[in-house]
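**Q** This is the structure, below, for whatever I ask next.
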Amino acid sequence: MGRPGPVTPLSIHSFFAMGSQCAIHLQGDDPDAAQGQALAGEAEVRRIEARYSRYRDDSELARINRLGAVGAPAELDDETRGLIAYAQACFYKSGGAFDITSGLLRQAWDFKSARIPDPAEIAALLPRIGMDKLALTGNILSFAGPGLELDFGGLGKEYAADRAAETCQTLGARFGFVDLGGDVRVIGPQWDGEPWRFGVRDPRRAGAAFASVSLLEGAIATSGDYERFFEADGRRHHHILDPRTGWPAQGLSSVSVIADRCLVAGSLSTAALVMGEAGAAWLDALGVRHITVPG
């Protein structure tokens, strides 16, 4: 079956959200429709950012963390409950390598000043970290004690990529993809049925690709030690911290995962990077497509 009419050039709608440069790439024979679809996709990204940003006092995440600070239970809506339940499943599946309670470690680590924290600072935070200290009963989130908090940094952007793509699809988009700072969810193949090709960044050469991946559907997400880091004492100290130790993950420089959903790809890539040299074998055992770069 032929394509319905002439093809317009690829439409790229760019915007900045969630601390990243973002873009929605769409192909179709109606530029006005593509623009409307892209704007709706962006609106969904901004809705999710407003709900789960740790930088906003009026976010849903801030409300939950105020309750967690005093150990009081939090009533959740279905969307938030689903995300926390997913994070909880990832925590247990990964042996604690993926943990959305580990944001507290920001209190010890300051990557702007390139300061290595005193081990005692980290040791003081570890008792307040662990998804096993949370319980979900229906839509009620309970905390084992005061001083716990959640950070959706490990899943918010990936979830937003999925939701933006699904929003565009609901409005009729068939060909294109959503790219939120390198976290990608494909809407559909190119107009002529060919796959999209995505480069995987070389973690040690800025602007260079280590590999490329072709996708007709699904998603790809990458976790690496090159976004925020500093060198000290002969080691690279980066922002992806092992929640079990409080120190930067070691052993891998980059992990890219290809999955049906960006949320899944992102959580698996983060967990595998935290696992270090064992991460690739863990992904193999799960039967997940991946690309790993040794540290």
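Residues in the structure tokens are numbered from 1 in each chain, the chains being A, B, ... in the order shown, and ligands are numbered from 1 in the order shown.
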Show me, as a list in words, the residues that have an atom within 6 Å of Val293 of chain A when counting only C-alpha atoms, minus same-chain residues fewer than 4 positions from it.
**A**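 So, after excluding close chain neighbours, the residues are Leu252, Ser253 and Ser254 of chain A.
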**Q** Based on the selection just made, write N, CA and C atoms of those residues as a JSON list (two decimals), in the first residue's frame.
**A**
```
[["chain", "number", "residue", "atom", "x", "y", "z"],
["A", 252, "LEU", "N", 31.67, 0.44, 34.85],
["A", 252, "LEU", "CA", 31.14, 0.72, 33.52],
["A", 252, "LEU", "C", 31.09, 2.24, 33.30],
["A", 253, "SER", "N", 31.38, 2.65, 32.08],
["A", 253, "SER", "CA", 31.28, 4.07, 31.74],
["A", 253, "SER", "C", 29.92, 4.43, 31.18],
["A", 254, "SER", "N", 29.29, 3.46, 30.52],
["A", 254, "SER", "CA", 28.02, 3.75, 29.85],
["A", 254, "SER", "C", 27.24, 2.46, 29.66]]
```
**Q** Please identify all polymer residues within 8 Å of segment 192-208 of chain A, counting only C-alpha atoms, omitting same-chain residues fewer than 4 positions from it, and present them as an MDAnalysis selection string.
**A** chainID A and resid 3 212:216 222 224:226 253:254 256 293
**Q** For the residues in the current selection, export C-alpha atoms as a PDB file, in the first residue's frame.
**A**
```
ATOM      1  CA  ARG A   3       1.826   6.375   1.326  1.00  0.00           C
ATOM      2  CA  SER A 212      24.395   3.208  16.478  1.00  0.00           C
ATOM      3  CA  VAL A 213      20.997   1.586  16.940  1.00  0.00           C
ATOM      4  CA  SER A 214      18.164   1.283  14.394  1.00  0.00           C
ATOM      5  CA  LEU A 215      14.607   1.276  15.725  1.00  0.00           C
ATOM      6  CA  LEU A 216      11.202   0.934  14.094  1.00  0.00           C
ATOM      7  CA  THR A 222      21.539   5.560  28.183  1.00  0.00           C
ATOM      8  CA  GLY A 224      26.733   7.183  31.761  1.00  0.00           C
ATOM      9  CA  ASP A 225      29.425   8.606  33.993  1.00  0.00           C
ATOM     10  CA  TYR A 226      30.031  11.663  31.799  1.00  0.00           C
ATOM     11  CA  SER A 253      31.284   4.066  31.736  1.00  0.00           C
ATOM     12  CA  SER A 254      28.023   3.747  29.847  1.00  0.00           C
ATOM     13  CA  SER A 256      22.377   1.755  26.791  1.00  0.00           C
ATOM     14  CA  VAL A 293      31.128   0.402  27.684  1.00  0.00           C
TER      15      VAL A 293
END
```
**Q** For Lys133 of chain A, list every protein, DNA or RNA residue within 8 Å, evaluated using only C-alpha atoms, and leave out those in the same chain fewer than 6 positions away; present the list as a PyMOL selection string.
**A** chain A and resi 143-145
**Q** Would you list the contacts of segment 57-72 of chain A as number ranges by chain, taking every protein, DNA or RNA residue within 7 Å and counting only C-alpha atoms, but skipping same-chain residues closer than 6 positions in sequence?
**A** A: 50-51, 142-150
**Q** Hey, what's within 10 Å of Thr245 of chain A if we count only C-alpha atoms and toss same-chain stuff fewer than 5 positions away? As a list in words, please?
**A**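 Residues meeting the cut-off are Ala97, Ile122, Ala123 and Leu126 of chain A.
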**Q** Using only C-alpha atoms, which residues sit within 8 Å of segment 275-291 of chain A once same-chain residues fewer than 4 positions away are excluded, as a PDB file with N, CA and C atoms, in the first residue's frame?
**A**
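Saved as selection.pdb:
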```pdb
ATOM      1  N   ALA A  97      20.006  -1.873  43.457  1.00  0.00           N
ATOM      2  CA  ALA A  97      20.817  -0.977  42.628  1.00  0.00           C
ATOM      3  C   ALA A  97      20.003   0.202  42.098  1.00  0.00           C
ATOM      4  N   ALA A 249      29.109   4.723  41.202  1.00  0.00           N
ATOM      5  CA  ALA A 249      29.218   3.381  40.632  1.00  0.00           C
ATOM      6  C   ALA A 249      30.538   3.243  39.877  1.00  0.00           C
ATOM      7  N   GLN A 250      31.104   2.068  39.907  1.00  0.00           N
ATOM      8  CA  GLN A 250      32.383   1.800  39.263  1.00  0.00           C
ATOM      9  C   GLN A 250      32.264   0.567  38.358  1.00  0.00           C
ATOM     10  N   GLY A 251      33.077   0.549  37.303  1.00  0.00           N
ATOM     11  CA  GLY A 251      33.158  -0.642  36.463  1.00  0.00           C
ATOM     12  C   GLY A 251      32.660  -0.435  35.045  1.00  0.00           C
ATOM     13  N   LEU A 252      31.665   0.439  34.852  1.00  0.00           N
ATOM     14  CA  LEU A 252      31.139   0.722  33.520  1.00  0.00           C
ATOM     15  C   LEU A 252      31.091   2.236  33.301  1.00  0.00           C
ATOM     16  N   VAL A 255      25.930   2.572  29.799  1.00  0.00           N
ATOM     17  CA  VAL A 255      25.023   1.460  29.516  1.00  0.00           C
ATOM     18  C   VAL A 255      23.833   2.004  28.739  1.00  0.00           C
ATOM     19  N   SER A 256      23.569   1.428  27.578  1.00  0.00           N
ATOM     20  CA  SER A 256      22.377   1.755  26.791  1.00  0.00           C
ATOM     21  C   SER A 256      21.491   0.525  26.734  1.00  0.00           C
ATOM     22  N   VAL A 257      20.200   0.721  26.935  1.00  0.00           N
ATOM     23  CA  VAL A 257      19.241  -0.380  26.910  1.00  0.00           C
ATOM     24  C   VAL A 257      18.146  -0.059  25.907  1.00  0.00           C
ATOM     25  N   ILE A 258      17.775  -1.062  25.123  1.00  0.00           N
ATOM     26  CA  ILE A 258      16.675  -0.953  24.174  1.00  0.00           C
ATOM     27  C   ILE A 258      15.523  -1.780  24.714  1.00  0.00           C
ATOM     28  N   ALA A 259      14.356  -1.159  24.826  1.00  0.00           N
ATOM     29  CA  ALA A 259      13.189  -1.836  25.396  1.00  0.00           C
ATOM     30  C   ALA A 259      11.920  -1.295  24.736  1.00  0.00           C
ATOM     31  N   LEU A 268      16.504   0.157  33.696  1.00  0.00           N
ATOM     32  CA  LEU A 268      17.445  -0.959  33.533  1.00  0.00           C
ATOM     33  C   LEU A 268      18.860  -0.459  33.271  1.00  0.00           C
ATOM     34  N   ALA A 271      20.273   0.828  36.656  1.00  0.00           N
ATOM     35  CA  ALA A 271      20.585  -0.277  37.562  1.00  0.00           C
ATOM     36  C   ALA A 271      21.837  -1.020  37.112  1.00  0.00           C
TER      37      ALA A 271
END
```
**Q** Among segment 51-259 of chain A, which ones does DSSP place in strand (DSSP E or B), written as an MDAnalysis selection string?
**A** chainID A and resid 74:75 110 115 134:137 140:143 175:180 183:188 196:201 209:215 219:224 229:232 235:238 241 248 252:259
**Q** What lies within 6 Å of Phe177 of chain A using only C-alpha atoms, ignoring chain neighbours under 5 positions off, as a list in words?
**A**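 Counting only the stated atoms, we get His25, Arg185, Val186 and Ile187 of chain A.
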**Q** Counting only C-alpha atoms, which residue out of A:Ser267, A:Gln21, A:Ser14, A:Gln169 sits closest to Phe152 of chain A?
**A** A:Ser267
**Q** Apply DSSP to the backbone of this structure and, from segment 74-294 of chain A, keep only the residues in helix (DSSP H, G or I); write these as a ChimeraX atom specification.
**A** /A:78-93,102-107,119-128,131-133,152-154,156-170,262-286
**Q** Which of these, A:Gly154, A:Cys262, A:Asp110, A:Arg163, has the shortest distance to Phe98 of chain A once you count only C-alpha atoms?
**A**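 Of the candidates, the smallest distance to Phe98 of chain A is held by A:Gly154.
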**Q** Can you tell me how far atom CA of Ile220 of chain A sits from atom CA of Pro9 of chain A, in Å to one decimal?
**A**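 Calculated distance between atom CA of Ile220 of chain A and atom CA of Pro9 of chain A is 24.0 Å.
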**Q** Using Å and a single decimal, report how far atom CA of Ala265 of chain A sits from atom CA of Ala87 of chain A.
**A** 12.9 Å
**Q** Between atom CA of Phe175 of chain A and atom CA of Gly28 of chain A, measure the distance and give it in Å to one decimal.
**A**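 Interatomic distance, atom CA of Phe175 of chain A to atom CA of Gly28 of chain A: 6.9 Å.
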